[in-house]
Amino acid sequence: MKGLFVTLEGVEGCGKTTQAARLKSYLEEQRIPVILTREPGGTAIGEKIRKMLIDPENIDLLPITEVLLFSAARHQHVMELIRPALGKGSVVISDRFYDATLAYQGFGRGIEKTTLKALTRLATGGLKPDLTVILDIDPQEGFKRLLKSRPFADRIEKETLEFFLRVREGYLAIASREKKRCRVFDATAEEETLHRKIAGVVMSRWSRLKKG
């Protein structure tokens, strides 16, 4: 059996966490086996690494240290949770995966992309998402949304607007290069409308997978 690996990506405030949860509920209603997870995190070890990465007090965390921590959490995530679930035929929904590293640490931090790709191959063992949904939004609008939901920012959310503009550029560049895998949606669309579009794309991919 082979499952379907779906990832949701985008800058802060794009609504991917909300849409990931709605997608999980929808698939459960369709009686499709599904697991919802996130990066960094997804496992006990990954969640501990997550705390280090988002802690606002860790201002001295260097870019290479940061990407190595993300990669370590990702390897644990893939081996402990994602691959076993896919092997059982489940849909795995991940709130972020390796595209976040290419966008944030590559375009945002300026780390050399061949280095990031090599780390990604090592961390994932070559595992790629079957479908990546990128929720596109202007970072300024995204942060307006974020501030409405909670008054504090984590370490990465404290970055400059220019940083997040580069991250957004990175996501759009990834989508342009990998049009078969990536689908870009306007994150400012009404939540229900956006959910229906995402669910429709996922169900189409699931149906094709089951037909073989």
# chains A, B, ... in the order shown; residues from 1 in each chain; ligands from 1
$ residues_around --residues "Ile64 of chain A" --least-positions-apart "2" --cutoff "12 Å" --atoms "only C-alpha atoms" --output "list in words"
Asp60, Leu61, Leu62, Glu66, Val67, Leu68, Leu69, Phe70, Ser71, Thr101, Gln105, Gly106, Arg109, Gly110, Ile111, Glu112, Thr115, Leu116 and Leu119 of chain A
$ write_last_selection --atoms "C-alpha atoms" --output "PDB file, in the first residue's frame"
ATOM      1  CA  ASP A  60      22.435  33.879  18.976  1.00  0.00           C
ATOM      2  CA  LEU A  61      21.373  30.844  16.939  1.00  0.00           C
ATOM      3  CA  LEU A  62      23.498  30.925  13.796  1.00  0.00           C
ATOM      4  CA  GLU A  66      19.457  26.587  12.625  1.00  0.00           C
ATOM      5  CA  VAL A  67      19.324  24.572   9.401  1.00  0.00           C
ATOM      6  CA  LEU A  68      21.092  21.607  11.009  1.00  0.00           C
ATOM      7  CA  LEU A  69      18.493  21.562  13.792  1.00  0.00           C
ATOM      8  CA  PHE A  70      15.643  21.702  11.260  1.00  0.00           C
ATOM      9  CA  SER A  71      17.259  18.849   9.318  1.00  0.00           C
ATOM     10  CA  THR A 101      13.999  25.177   4.517  1.00  0.00           C
ATOM     11  CA  GLN A 105      17.090  29.345   5.093  1.00  0.00           C
ATOM     12  CA  GLY A 106      17.868  29.554   1.371  1.00  0.00           C
ATOM     13  CA  ARG A 109      18.962  33.577   5.209  1.00  0.00           C
ATOM     14  CA  GLY A 110      21.011  33.263   2.021  1.00  0.00           C
ATOM     15  CA  ILE A 111      22.474  29.828   2.725  1.00  0.00           C
ATOM     16  CA  GLU A 112      23.870  28.255  -0.433  1.00  0.00           C
ATOM     17  CA  THR A 115      24.157  22.822   0.614  1.00  0.00           C
ATOM     18  CA  LEU A 116      20.489  22.914   1.584  1.00  0.00           C
ATOM     19  CA  LEU A 119      21.057  18.316   3.707  1.00  0.00           C
TER      20      LEU A 119
END
$ residues_around --residues "Leu8 of chain A" --least-positions-apart "2" --cutoff "6 Å" --atoms "only C-alpha atoms" --output "list in words"
Lys16, Asp95, Arg96, Thr132, Val133 and Ile134 of chain A
$ select_by_dssp --residues "segment 21-147 of chain A" --states "strand (DSSP E)" --output "PDB file with N, CA and C atoms, in the first residue's frame"
ATOM      1  N   VAL A  34      -5.943   9.221   7.744  1.00  0.00           N
ATOM      2  CA  VAL A  34      -5.185  10.459   7.630  1.00  0.00           C
ATOM      3  C   VAL A  34      -4.448  10.757   8.928  1.00  0.00           C
ATOM      4  N   ILE A  35      -3.266  11.333   8.781  1.00  0.00           N
ATOM      5  CA  ILE A  35      -2.468  11.797   9.911  1.00  0.00           C
ATOM      6  C   ILE A  35      -2.082  13.242   9.650  1.00  0.00           C
ATOM      7  N   LEU A  36      -2.251  14.088  10.659  1.00  0.00           N
ATOM      8  CA  LEU A  36      -1.842  15.486  10.571  1.00  0.00           C
ATOM      9  C   LEU A  36      -0.613  15.685  11.459  1.00  0.00           C
ATOM     10  N   THR A  37       0.425  16.277  10.898  1.00  0.00           N
ATOM     11  CA  THR A  37       1.648  16.500  11.648  1.00  0.00           C
ATOM     12  C   THR A  37       2.222  17.870  11.283  1.00  0.00           C
ATOM     13  N   ARG A  38       3.388  18.202  11.835  1.00  0.00           N
ATOM     14  CA  ARG A  38       3.954  19.524  11.564  1.00  0.00           C
ATOM     15  C   ARG A  38       5.474  19.490  11.652  1.00  0.00           C
ATOM     16  N   VAL A  91      -3.098   9.049   4.213  1.00  0.00           N
ATOM     17  CA  VAL A  91      -2.752  10.391   3.767  1.00  0.00           C
ATOM     18  C   VAL A  91      -2.012  11.052   4.923  1.00  0.00           C
ATOM     19  N   VAL A  92      -0.832  11.575   4.652  1.00  0.00           N
ATOM     20  CA  VAL A  92      -0.082  12.313   5.664  1.00  0.00           C
ATOM     21  C   VAL A  92      -0.104  13.788   5.268  1.00  0.00           C
ATOM     22  N   ILE A  93      -0.633  14.626   6.152  1.00  0.00           N
ATOM     23  CA  ILE A  93      -0.661  16.076   5.948  1.00  0.00           C
ATOM     24  C   ILE A  93       0.377  16.676   6.871  1.00  0.00           C
ATOM     25  N   SER A  94       1.347  17.388   6.303  1.00  0.00           N
ATOM     26  CA  SER A  94       2.359  18.028   7.134  1.00  0.00           C
ATOM     27  C   SER A  94       2.308  19.543   6.974  1.00  0.00           C
ATOM     28  N   ASP A  95       2.168  20.213   8.100  1.00  0.00           N
ATOM     29  CA  ASP A  95       2.224  21.671   8.165  1.00  0.00           C
ATOM     30  C   ASP A  95       3.704  22.049   8.094  1.00  0.00           C
ATOM     31  N   LEU A 131       2.080  16.192  -3.167  1.00  0.00           N
ATOM     32  CA  LEU A 131       1.376  17.446  -3.440  1.00  0.00           C
ATOM     33  C   LEU A 131       1.797  18.475  -2.397  1.00  0.00           C
ATOM     34  N   THR A 132       2.157  19.652  -2.868  1.00  0.00           N
ATOM     35  CA  THR A 132       2.471  20.757  -1.951  1.00  0.00           C
ATOM     36  C   THR A 132       1.555  21.927  -2.254  1.00  0.00           C
ATOM     37  N   VAL A 133       0.800  22.336  -1.241  1.00  0.00           N
ATOM     38  CA  VAL A 133      -0.103  23.476  -1.348  1.00  0.00           C
ATOM     39  C   VAL A 133       0.608  24.688  -0.751  1.00  0.00           C
ATOM     40  N   ILE A 134       0.821  25.708  -1.574  1.00  0.00           N
ATOM     41  CA  ILE A 134       1.458  26.934  -1.118  1.00  0.00           C
ATOM     42  C   ILE A 134       0.386  28.018  -1.016  1.00  0.00           C
ATOM     43  N   LEU A 135       0.186  28.524   0.193  1.00  0.00           N
ATOM     44  CA  LEU A 135      -0.794  29.579   0.423  1.00  0.00           C
ATOM     45  C   LEU A 135      -0.066  30.920   0.356  1.00  0.00           C
ATOM     46  N   ASP A 136      -0.330  31.656  -0.689  1.00  0.00           N
ATOM     47  CA  ASP A 136       0.423  32.881  -0.968  1.00  0.00           C
ATOM     48  C   ASP A 136      -0.279  34.102  -0.397  1.00  0.00           C
TER      49      ASP A 136
END
$ closest_residue --among "A:Leu86, A:Pro139, A:Glu39, A:Glu159" --to "Thr17 of chain A" --atoms "only C-alpha atoms"
A:Glu39
$ closest_residue --among "A:Gly3, A:Pro33, A:Gly212, A:Gly15" --to "Glu191 of chain A" --atoms "only C-alpha atoms"
A:Gly15
$ atom_distance --atom1 "atom CA of Ala72 of chain A" --atom2 "atom CA of Ala123 of chain A"
6.8 Å
$ closest_residue --among "A:Ala173, A:Leu146, A:Met79, A:Ala85" --to "Asp99 of chain A" --atoms "only C-alpha atoms"
A:Ala173
$ residues_around --residues "Thr124 of chain A" --least-positions-apart "2" --cutoff "10 Å" --atoms "only C-alpha atoms" --output "list in words"
Ser71, Ala72, Arg74, His75, Gln76, His77, Val78, Met79, Ile82, Arg83, Phe97, Tyr98, Leu119, Thr120, Arg121, Leu122, Gly126, Leu127 and Lys128 of chain A
$ select_by_dssp --residues "segment 79-167 of chain A" --states "helix (DSSP H, G or I)" --output "JSON, numbers by chain"
{"A": [79, 80, 81, 82, 83, 84, 85, 86, 87, 98, 99, 100, 101, 102, 103, 104, 105, 106, 107, 108, 113, 114, 115, 116, 117, 118, 119, 120, 121, 122, 123, 124, 139, 140, 141, 142, 143, 144, 145, 146, 147, 148, 149, 161, 162, 163, 164, 165, 166, 167]}
$ write_last_selection --atoms "C-alpha atoms" --output "JSON list (two decimals), in the first residue's frame"
[["chain", "number", "residue", "atom", "x", "y", "z"],
["A", 79, "MET", "CA", 11.77, 7.90, 9.73],
["A", 80, "GLU", "CA", 9.58, 7.68, 12.81],
["A", 81, "LEU", "CA", 6.24, 8.97, 11.54],
["A", 82, "ILE", "CA", 5.89, 9.89, 7.86],
["A", 83, "ARG", "CA", 7.35, 6.86, 6.08],
["A", 84, "PRO", "CA", 5.58, 4.30, 8.32],
["A", 85, "ALA", "CA", 2.23, 6.08, 7.86],
["A", 86, "LEU", "CA", 2.63, 6.26, 4.09],
["A", 87, "GLY", "CA", 3.58, 2.58, 4.06],
["A", 98, "TYR", "CA", 11.54, 20.77, 3.24],
["A", 99, "ASP", "CA", 10.26, 23.60, 1.01],
["A", 100, "ALA", "CA", 10.25, 25.73, 4.17],
["A", 101, "THR", "CA", 14.00, 25.18, 4.52],
["A", 102, "LEU", "CA", 14.64, 26.19, 0.91],
["A", 103, "ALA", "CA", 12.45, 29.28, 1.31],
["A", 104, "TYR", "CA", 13.46, 30.40, 4.81],
["A", 105, "GLN", "CA", 17.09, 29.34, 5.09],
["A", 106, "GLY", "CA", 17.87, 29.55, 1.37],
["A", 107, "PHE", "CA", 16.07, 32.65, 0.12],
["A", 108, "GLY", "CA", 15.59, 34.22, 3.57],
["A", 113, "LYS", "CA", 21.13, 26.21, -2.07],
["A", 114, "THR", "CA", 23.25, 23.21, -3.07],
["A", 115, "THR", "CA", 24.16, 22.82, 0.61],
["A", 116, "LEU", "CA", 20.49, 22.91, 1.58],
["A", 117, "LYS", "CA", 19.55, 20.38, -1.09],
["A", 118, "ALA", "CA", 22.28, 18.00, 0.10],
["A", 119, "LEU", "CA", 21.06, 18.32, 3.71],
["A", 120, "THR", "CA", 17.50, 17.77, 2.55],
["A", 121, "ARG", "CA", 18.40, 14.56, 0.73],
["A", 122, "LEU", "CA", 20.20, 13.31, 3.83],
["A", 123, "ALA", "CA", 17.33, 14.23, 6.16],
["A", 124, "THR", "CA", 14.53, 12.82, 4.00],
["A", 139, "PRO", "CA", 3.81, 39.18, 4.45],
["A", 140, "GLN", "CA", 2.44, 42.46, 5.78],
["A", 141, "GLU", "CA", -1.10, 41.12, 5.52],
["A", 142, "GLY", "CA", 0.02, 37.84, 7.04],
["A", 143, "PHE", "CA", 1.39, 39.57, 10.12],
["A", 144, "LYS", "CA", -1.80, 41.59, 10.56],
["A", 145, "ARG", "CA", -3.63, 38.26, 10.77],
["A", 146, "LEU", "CA", -1.03, 36.81, 13.12],
["A", 147, "LEU", "CA", -1.24, 39.71, 15.56],
["A", 148, "LYS", "CA", -5.01, 39.29, 15.76],
["A", 149, "SER", "CA", -4.63, 35.67, 16.84],
["A", 161, "LEU", "CA", 9.67, 42.38, 6.57],
["A", 162, "GLU", "CA", 12.47, 42.18, 3.98],
["A", 163, "PHE", "CA", 13.29, 38.67, 5.22],
["A", 164, "PHE", "CA", 9.72, 37.49, 4.73],
["A", 165, "LEU", "CA", 9.49, 39.11, 1.32],
["A", 166, "ARG", "CA", 12.47, 36.98, 0.31],
["A", 167, "VAL", "CA", 10.80, 33.90, 1.80]]
$ closest_residue --among "A:Arg31, A:Lys197, A:Lys211, A:Lys158" --to "Arg183 of chain A" --atoms "only C-alpha atoms"
A:Lys197
$ atom_distance --atom1 "atom CA of Ile49 of chain A" --atom2 "atom CA of Ala73 of chain A"
6.5 Å
$ atom_distance --atom1 "atom CA of Leu4 of chain A" --atom2 "atom CA of Glu192 of chain A"
22.8 Å
$ closest_residue --among "A:Ser90, A:Met52, A:Lys180, A:Asp138" --to "Leu27 of chain A" --atoms "only C-alpha atoms"
A:Ser90
